[in-house]
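Quick look at structure_10.txt (compact mmCIF, C-alpha atoms):
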```txt
# COMPACT_ATOMS: atom_id res chain seq x y z
CA MET C 1 29.51 22.26 7.67
CA THR C 2 29.88 23.68 4.15
CA GLU C 3 33.04 21.67 3.44
CA THR C 4 31.42 18.50 4.82
CA LEU C 5 28.35 18.93 2.62
CA PHE C 6 30.57 19.66 -0.39
CA HIS C 7 32.42 16.35 -0.01
CA ALA C 8 29.14 14.50 0.52
CA TYR C 9 27.31 16.00 -2.46
CA THR C 10 30.07 16.13 -5.09
CA PRO C 11 30.02 12.43 -6.19
CA ILE C 12 26.23 12.44 -6.49
CA ILE C 13 26.17 15.50 -8.72
CA LEU C 14 29.18 14.66 -10.91
CA TRP C 15 28.33 11.04 -11.77
CA THR C 16 24.66 11.82 -12.34
CA ALA C 17 25.61 14.70 -14.63
CA LEU C 18 27.91 12.36 -16.56
CA GLY C 19 25.05 9.92 -17.15
CA PHE C 20 22.81 12.79 -18.25
CA ILE C 21 25.41 13.83 -20.83
CA LEU C 22 26.21 10.30 -22.02
CA PHE C 23 22.55 9.63 -22.83
CA ARG C 24 22.95 11.26 -26.25
CA PHE C 25 25.83 8.99 -27.26
CA ILE C 26 24.82 5.51 -26.08
CA PRO C 27 22.61 2.76 -27.57
CA ASN C 28 19.02 2.62 -26.32
CA SER C 29 19.61 -0.86 -24.92
CA LEU C 30 22.48 0.18 -22.63
CA PRO C 31 20.44 1.47 -19.63
CA ARG C 32 18.60 -1.84 -19.27
CA LEU C 33 21.83 -3.82 -19.69
CA LEU C 34 23.53 -1.62 -17.09
CA GLY C 35 20.61 -2.05 -14.68
CA ARG C 36 20.64 -5.83 -15.05
CA GLY C 37 24.41 -5.90 -14.71
CA LEU C 38 24.15 -4.05 -11.42
CA TYR C 39 21.41 -6.41 -10.24
CA TRP C 40 23.29 -9.63 -11.04
CA VAL C 41 26.92 -8.56 -10.50
CA GLY C 42 27.49 -5.05 -9.15
CA VAL C 43 25.18 -4.99 -6.13
CA PRO C 44 26.08 -8.55 -5.04
CA LEU C 45 29.74 -7.49 -4.92
CA GLN C 46 28.81 -4.50 -2.78
CA ILE C 47 26.73 -6.67 -0.42
CA LEU C 48 29.60 -9.14 -0.15
CA THR C 49 31.97 -6.35 0.86
CA LEU C 50 29.52 -4.85 3.38
CA ALA C 51 28.82 -8.24 4.94
CA ARG C 52 32.54 -8.75 5.58
CA GLN C 53 32.85 -5.29 7.17
CA ALA C 54 29.71 -5.18 9.32
CA ASN C 55 30.03 -5.75 13.05
CA LEU C 56 26.76 -7.64 13.53
CA SER C 57 27.27 -8.10 17.28
CA GLU C 58 27.24 -4.39 18.10
CA ASN C 59 23.77 -3.09 18.99
CA ALA C 60 22.46 -6.27 17.40
CA GLY C 61 18.90 -5.63 18.54
CA VAL C 62 18.62 -1.89 18.08
CA VAL C 63 19.89 -1.33 14.53
CA PRO C 64 17.82 -4.03 12.77
CA LEU C 65 14.77 -2.96 14.79
CA LEU C 66 15.08 0.62 13.53
CA ALA C 67 15.84 -0.49 9.97
CA ILE C 68 12.86 -2.87 9.79
CA GLY C 69 10.63 -0.27 11.46
CA ALA C 70 11.61 2.29 8.81
CA LEU C 71 10.78 -0.21 6.04
CA ALA C 72 7.38 -0.84 7.64
CA VAL C 73 6.68 2.90 7.79
CA GLY C 74 7.53 3.38 4.12
CA LEU C 75 5.46 0.39 3.02
CA THR C 76 2.46 1.44 5.12
CA PHE C 77 2.48 5.07 3.98
CA ALA C 78 2.91 4.02 0.33
CA TRP C 79 0.03 1.51 0.49
CA LEU C 80 -2.31 3.99 2.19
CA SER C 81 -1.36 6.69 -0.33
CA LEU C 82 -2.19 4.36 -3.22
CA GLN C 83 -5.61 3.55 -1.74
CA VAL C 84 -6.44 7.25 -1.42
CA TRP C 85 -5.02 7.91 -4.89
CA LYS C 86 -7.10 5.17 -6.54
CA ARG C 87 -10.28 6.20 -4.72
CA PHE C 88 -9.82 9.82 -5.77
CA SER C 89 -9.19 8.72 -9.37
CA ARG C 90 -12.36 6.59 -9.46
CA GLU C 91 -14.50 9.30 -7.92
CA ASN C 92 -13.27 11.89 -10.41
CA GLY C 93 -13.44 9.62 -13.45
CA GLU C 94 -9.72 9.80 -14.13
CA SER C 95 -8.29 7.69 -16.96
CA LYS C 96 -4.86 6.88 -18.32
CA LYS C 97 -5.26 9.36 -21.17
CA SER C 98 -6.68 12.35 -19.36
CA SER C 99 -5.69 13.10 -15.83
CA VAL C 100 -4.73 15.79 -13.43
CA LEU C 101 -3.88 12.98 -11.06
CA PRO C 102 -2.45 10.21 -13.28
CA PHE C 103 -3.89 6.72 -13.14
CA LEU C 104 -1.48 4.19 -11.63
CA ASP C 105 -1.46 0.70 -13.15
CA ARG C 106 0.41 -2.31 -11.72
CA PRO C 107 3.93 -1.28 -12.90
CA HIS C 108 3.33 2.26 -11.59
CA CYS C 109 2.08 0.96 -8.24
CA GLY C 110 5.09 -1.33 -7.84
CA SER C 111 7.56 1.47 -8.48
CA PHE C 112 5.56 3.83 -6.24
CA ILE C 113 5.79 1.46 -3.25
CA LEU C 114 9.47 0.66 -3.82
CA SER C 115 10.29 4.37 -4.13
CA ALA C 116 8.67 5.19 -0.79
CA MET C 117 10.06 2.18 1.06
CA LEU C 118 13.60 1.45 -0.17
CA GLY C 119 16.48 3.70 0.82
CA ASN C 120 19.84 4.09 -0.85
CA THR C 121 21.79 3.17 2.28
CA GLY C 122 24.68 1.69 0.27
CA PHE C 123 25.34 3.94 -2.72
CA VAL C 124 24.44 7.24 -1.01
CA GLY C 125 24.25 6.54 2.73
CA LEU C 126 27.67 4.96 3.10
CA ALA C 127 29.14 7.45 0.64
CA ILE C 128 28.21 10.47 2.78
CA ALA C 129 28.23 8.94 6.29
CA PRO C 130 32.02 9.07 6.86
CA SER C 131 31.91 12.83 6.22
CA LEU C 132 29.22 13.40 8.84
CA ILE C 133 29.70 10.89 11.70
CA ASN C 134 32.57 9.25 13.60
CA ALA C 135 34.09 5.86 12.75
CA GLN C 136 32.17 3.93 15.42
CA ALA C 137 28.86 5.32 14.16
CA VAL C 138 29.86 4.41 10.59
CA GLY C 139 29.96 0.78 11.77
CA LEU C 140 26.34 1.13 12.89
CA ALA C 141 25.49 2.66 9.52
CA VAL C 142 27.04 -0.34 7.74
CA PHE C 143 24.96 -2.70 9.91
CA TYR C 144 21.81 -0.67 9.08
CA SER C 145 22.68 -0.80 5.37
CA VAL C 146 23.12 -4.58 5.42
CA THR C 147 19.77 -5.03 7.19
CA ASN C 148 18.03 -2.65 4.81
CA ASN C 149 19.44 -4.33 1.71
CA ILE C 150 18.87 -7.94 2.74
CA ILE C 151 15.43 -7.66 4.36
CA GLY C 152 14.17 -4.60 2.49
CA THR C 153 15.61 -4.33 -0.99
CA TYR C 154 16.30 -7.97 -1.83
CA GLY C 155 13.61 -9.49 0.38
CA ILE C 156 10.41 -7.44 0.55
CA GLY C 157 11.49 -5.31 -2.43
CA VAL C 158 11.96 -8.27 -4.75
CA PHE C 159 8.61 -9.73 -3.60
CA ILE C 160 6.82 -6.45 -4.43
CA ALA C 161 8.63 -6.02 -7.76
CA SER C 162 7.86 -9.61 -8.77
CA TYR C 163 4.21 -9.27 -7.74
CA PHE C 164 3.50 -5.98 -9.54
CA GLY C 165 5.73 -6.83 -12.51
CA ARG C 166 3.41 -9.64 -13.60
CA PRO C 167 -0.29 -9.65 -14.60
CA ALA C 168 -2.53 -10.47 -11.65
CA LYS C 169 -3.79 -13.70 -13.27
CA ARG C 170 -0.27 -15.05 -13.64
CA ASN C 171 0.78 -14.40 -10.05
CA HIS C 172 1.35 -17.23 -7.58
CA TRP C 173 3.00 -17.07 -4.18
CA TRP C 174 5.66 -19.57 -5.21
CA ILE C 175 6.79 -17.29 -8.05
CA GLN C 176 7.61 -14.49 -5.59
CA LEU C 177 9.31 -17.01 -3.28
CA ARG C 178 11.39 -18.34 -6.18
CA ASP C 179 12.42 -14.81 -7.17
CA ILE C 180 13.55 -14.02 -3.62
CA LEU C 181 15.53 -17.26 -3.26
CA THR C 182 17.35 -16.62 -6.54
CA VAL C 183 18.42 -13.06 -5.68
CA PRO C 184 22.23 -13.10 -6.02
CA SER C 185 22.72 -10.50 -3.26
CA LEU C 186 21.27 -12.86 -0.63
CA TRP C 187 23.79 -15.55 -1.55
CA THR C 188 26.75 -13.16 -1.58
CA PHE C 189 25.66 -11.77 1.81
CA SER C 190 25.66 -15.29 3.27
CA PHE C 191 29.08 -15.97 1.79
CA GLY C 192 30.48 -12.68 3.05
CA TYR C 193 29.01 -13.10 6.54
CA PHE C 194 30.34 -16.63 7.06
CA THR C 195 33.81 -15.77 5.72
CA ARG C 196 34.38 -12.65 7.83
CA SER C 197 37.07 -14.41 9.85
CA VAL C 198 38.88 -15.55 6.70
CA GLU C 199 41.66 -13.22 5.60
CA LEU C 200 41.63 -12.71 1.86
CA PRO C 201 44.73 -11.76 -0.13
CA THR C 202 45.39 -8.03 -0.17
CA PHE C 203 44.70 -7.69 -3.86
CA VAL C 204 41.29 -9.39 -3.41
CA GLU C 205 40.29 -7.06 -0.57
CA SER C 206 41.48 -4.06 -2.60
CA GLY C 207 39.53 -5.32 -5.59
CA LEU C 208 36.35 -5.63 -3.53
CA GLN C 209 36.72 -2.08 -2.24
CA ALA C 210 37.37 -0.79 -5.76
CA SER C 211 34.31 -2.65 -7.05
CA VAL C 212 32.12 -0.87 -4.49
CA GLU C 213 33.30 2.51 -5.78
CA PHE C 214 32.67 1.39 -9.36
CA VAL C 215 29.15 0.15 -8.52
CA ILE C 216 28.29 3.44 -6.80
CA ALA C 217 29.52 5.46 -9.79
CA SER C 218 27.70 3.20 -12.26
CA SER C 219 24.45 3.57 -10.35
CA PHE C 220 24.66 7.36 -10.42
CA VAL C 221 25.41 7.21 -14.16
CA LEU C 222 22.36 4.97 -14.73
CA MET C 223 20.19 7.44 -12.86
CA GLY C 224 21.51 10.31 -14.98
CA ILE C 225 20.73 8.36 -18.17
CA ARG C 226 17.19 7.61 -17.01
CA LEU C 227 16.63 11.24 -16.04
CA ALA C 228 17.69 12.34 -19.53
CA GLN C 229 15.02 10.03 -20.96
CA LEU C 230 12.17 11.52 -18.95
CA GLN C 231 9.53 13.39 -20.97
CA GLY C 232 7.62 16.13 -19.20
CA TRP C 233 6.98 16.71 -15.51
CA LYS C 234 4.23 14.15 -14.82
CA SER C 235 6.66 11.59 -13.39
CA PHE C 236 8.08 14.21 -11.03
CA GLN C 237 4.57 15.10 -9.80
CA VAL C 238 3.85 11.46 -9.00
CA ALA C 239 7.31 11.06 -7.43
CA LEU C 240 6.88 13.88 -4.91
CA LEU C 241 4.77 11.88 -2.45
CA PRO C 242 7.01 8.78 -2.14
CA ALA C 243 10.04 11.08 -1.95
CA LEU C 244 8.51 13.00 0.97
CA VAL C 245 7.73 9.74 2.76
CA LYS C 246 11.28 8.48 2.19
CA VAL C 247 13.28 11.60 3.11
CA VAL C 248 11.08 13.46 5.59
CA VAL C 249 8.62 11.08 7.31
CA MET C 250 10.85 8.02 7.77
CA PRO C 251 13.92 9.77 9.28
CA GLY C 252 11.67 11.90 11.48
CA LEU C 253 10.03 8.84 13.02
CA VAL C 254 13.35 6.96 13.26
CA GLY C 255 14.92 9.93 15.06
CA ILE C 256 12.10 9.92 17.61
CA ALA C 257 12.33 6.14 18.05
CA ALA C 258 16.13 6.22 18.41
CA THR C 259 15.85 8.89 21.10
CA LEU C 260 13.22 6.91 23.00
CA ILE C 261 15.36 3.75 23.09
CA GLY C 262 18.39 5.67 24.37
CA LEU C 263 20.57 6.42 21.34
CA SER C 264 22.23 9.82 21.18
CA GLY C 265 25.03 11.70 19.44
CA ASP C 266 26.55 10.23 16.29
CA ALA C 267 24.86 6.85 16.84
CA ARG C 268 21.44 8.46 16.64
CA LEU C 269 22.51 10.68 13.73
CA ALA C 270 23.71 7.57 11.86
CA MET C 271 20.26 5.98 12.16
CA VAL C 272 18.54 9.17 10.98
CA LEU C 273 20.92 9.50 8.03
CA MET C 274 20.38 5.89 6.97
CA ALA C 275 16.58 6.18 7.30
CA GLY C 276 16.50 9.44 5.36
CA VAL C 277 18.70 8.59 2.39
CA PRO C 278 17.06 9.04 -1.03
CA THR C 279 15.02 6.42 -2.83
CA ALA C 280 17.24 3.44 -3.55
CA PHE C 281 18.87 3.01 -6.94
CA ALA C 282 17.75 -0.57 -6.43
CA SER C 283 14.19 0.63 -7.12
CA LEU C 284 15.39 1.58 -10.61
CA ILE C 285 17.36 -1.66 -10.95
CA LEU C 286 14.30 -3.69 -9.88
CA ALA C 287 12.14 -1.69 -12.27
CA GLU C 288 14.50 -2.64 -15.11
CA GLU C 289 14.59 -6.30 -14.04
CA TYR C 290 10.84 -6.78 -13.43
CA ASP C 291 9.38 -4.39 -16.04
CA LEU C 292 7.94 -1.85 -13.63
CA ASP C 293 8.10 1.91 -14.27
CA PRO C 294 11.72 3.12 -14.55
CA ASP C 295 10.60 6.71 -15.18
CA LEU C 296 8.81 6.91 -11.83
CA ALA C 297 11.73 5.22 -10.10
CA ALA C 298 14.25 7.64 -11.61
CA SER C 299 12.04 10.65 -10.83
CA SER C 300 11.64 9.55 -7.20
CA ILE C 301 15.39 9.19 -6.89
CA VAL C 302 16.14 12.69 -8.16
CA VAL C 303 13.33 14.34 -6.16
CA SER C 304 14.42 12.56 -2.98
CA ILE C 305 18.06 13.54 -3.60
CA GLY C 306 16.95 17.17 -3.90
CA LEU C 307 15.09 16.83 -0.60
CA LEU C 308 18.13 15.15 0.96
CA LEU C 309 20.31 18.16 0.14
CA LEU C 310 17.84 20.30 2.09
CA MET C 311 17.36 17.89 5.00
CA ILE C 312 20.98 17.03 5.88
CA PRO C 313 21.68 20.47 7.44
CA VAL C 314 18.44 20.08 9.44
CA TRP C 315 19.51 16.66 10.77
CA LEU C 316 22.97 17.97 11.65
CA PHE C 317 21.40 20.85 13.56
CA VAL C 318 18.85 18.68 15.41
CA TYR C 319 20.87 15.48 16.00
CA GLY C 320 24.50 16.38 15.38
```
Write-out of the structure in structure tokens:
Amino acid sequence: MTETLFHAYTPIILWTALGFILFRFIPNSLPRLLGRGLYWVGVPLQILTLARQANLSENAGVVPLLAIGALAVGLTFAWLSLQVWKRFSRENGESKKSSVLPFLDRPHCGSFILSAMLGNTGFVGLAIAPSLINAQAVGLAVFYSVTNNIIGTYGIGVFIASYFGRPAKRNHWWIQLRDILTVPSLWTFSFGYFTRSVELPTFVESGLQASVEFVIASSFVLMGIRLAQLQGWKSFQVALLPALVKVVVMPGLVGIAATLIGLSGDARLAMVLMAGVPTAFASLILAEEYDLDPDLAASSIVVSIGLLLLMIPVWLFVYG
């Protein structure tokens, strides 16, 4: 198990550390430019590649059901947590300037919900899955990742980011609908899905695979840069709750559900791994694109990655 965990953890640690170091030598505008570049170019390329690889006929009902159920759990727990948080803040007279429990405004709330709901099934999940499960189960993991990204990240996630990224008075339902329909990842998924039977030239397929590796590395670097910009521990305190929901609660419930519907072995482990991956880098990318709270997003990512390192051995013991 030690060698398996070493291969799974090494890319996360190295690329994040590189971003942390590079922070001192880059222009202040680069993190936002990198985040927007990933949103408009990098992630769409990854989705295109995944859509061409995914076997959407295998366990067609089970995998999306578990993925959507996990999203619903994250969204519900995040919303309930915010209601309790706001009520506690009001009752104790908390303010933005003085707080033991920090006040959460609209950008904070948006990043809080995204951090608890969205999982990094692509950049982290599919990076570590081949080291932990067999090839057939990896196919299920790819299917889960596609469902999570299309319905969760670039469907519900964009709606939430668009809603909380704008003042309440300027919000209209058609604005959120427009933002969802213009997400580039949805269009590249459609293109990739409907061209699965079309053989591309070898150099194109190789280029797509190489682009996925580049996008993963760039996302880790962006996280490292954002972590280097954090000031103090307040963001980490706020990030602990969504990270616990994402890495402990969601995979626990998915593991129970997968068992009840008859999955076992590596297939069940694949679903647990995908449900329990850290907070999505997309939450940071969406925070950059829609002016939410990138500090909270970055903090949630690093806290959930720390929890992931602790939870993977537990999942392997229970489900492996």
Could you give me, as JSON lines, every segment 114-161 of chain C residue with an atom at most 12 Å from segment 204-224 of chain C, plus its closest atom pair and distance in Å to one decimal, counting only C-alpha atoms, rows ordered by chain then number?
```
{"residue": "C:Asn120", "atom": "CA", "partner": "C:Ile216", "partner_atom": "CA", "distance": 10.4}
{"residue": "C:Thr121", "atom": "CA", "partner": "C:Ile216", "partner_atom": "CA", "distance": 11.2}
{"residue": "C:Gly122", "atom": "CA", "partner": "C:Ile216", "partner_atom": "CA", "distance": 8.1}
{"residue": "C:Phe123", "atom": "CA", "partner": "C:Ile216", "partner_atom": "CA", "distance": 5.1}
{"residue": "C:Val124", "atom": "CA", "partner": "C:Ile216", "partner_atom": "CA", "distance": 7.9}
{"residue": "C:Gly125", "atom": "CA", "partner": "C:Ile216", "partner_atom": "CA", "distance": 10.8}
{"residue": "C:Leu126", "atom": "CA", "partner": "C:Ile216", "partner_atom": "CA", "distance": 10.0}
{"residue": "C:Ala127", "atom": "CA", "partner": "C:Ile216", "partner_atom": "CA", "distance": 8.5}
{"residue": "C:Ile128", "atom": "CA", "partner": "C:Ile216", "partner_atom": "CA", "distance": 11.9}
```
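Using all atoms listed in the file for every distance, the candidate list C:Cys109, C:Leu292, C:Ala275, C:Val238 yields C:Ala275 as the residue closest to Ile312 of chain C.
Of the listed residues C:Leu284, C:Leu310, C:Leu227, C:Leu273, the one whose atoms come nearest to Leu114 of chain C is C:Leu284, with distances taken using all atoms listed in the file.
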Inset, instruction - Find the residues near Pro251 of chain C: any atom within 8 Å, counting only C-alpha atoms, skip ones fewer than 4 places away on the same chain, and give them as a PyMOL selection string. - result: chain C and resi 70+246-247+255+271-276
Inset, instruction - Would you mind telling me which residue in C:Leu45, C:Gly69, C:Arg90, C:Ser299 lies nearest to Ala228 of chain C when using all atoms listed in the file? - result: C:Ser299
Legend entry - Pick from C:Ser162, C:Thr76, C:Thr195, C:Thr10, whichever lies nearest to Gly110 of chain C using only C-alpha atoms: C:Ser162
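Minimum atom-to-atom distances from C:Val41, C:Ala258, C:Ile225, C:Val277 to Pro64 of chain C were compared using only C-alpha atoms, and the lowest value belongs to C:Ala258.
Atom pair atom CA of Gly139 of chain C / atom CA of Ile68 of chain C has a distance of 17.6 Å (rounded to one decimal).
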Inset, instruction - Could you tell me which of C:Leu48, C:Leu140, C:Ala239, C:Leu14 comes closest to Asp293 of chain C if we count all atoms listed in the file? - result: C:Ala239
Inset, instruction - For Leu230 of chain C, list every protein, DNA or RNA residue within 10 Å, evaluated using only C-alpha atoms, and leave out those in the same chain fewer than 5 positions away; present the list as a ChimeraX atom specification. - result: /C:225,235-236,294-296,298-299
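Interatomic distance, atom CA of Phe20 of chain C against atom CA of Gln46 of chain C: 24.0 Å.
For the pair atom CA of Ala243 of chain C and atom CA of Phe143 of chain C, the separation is 23.5 Å.
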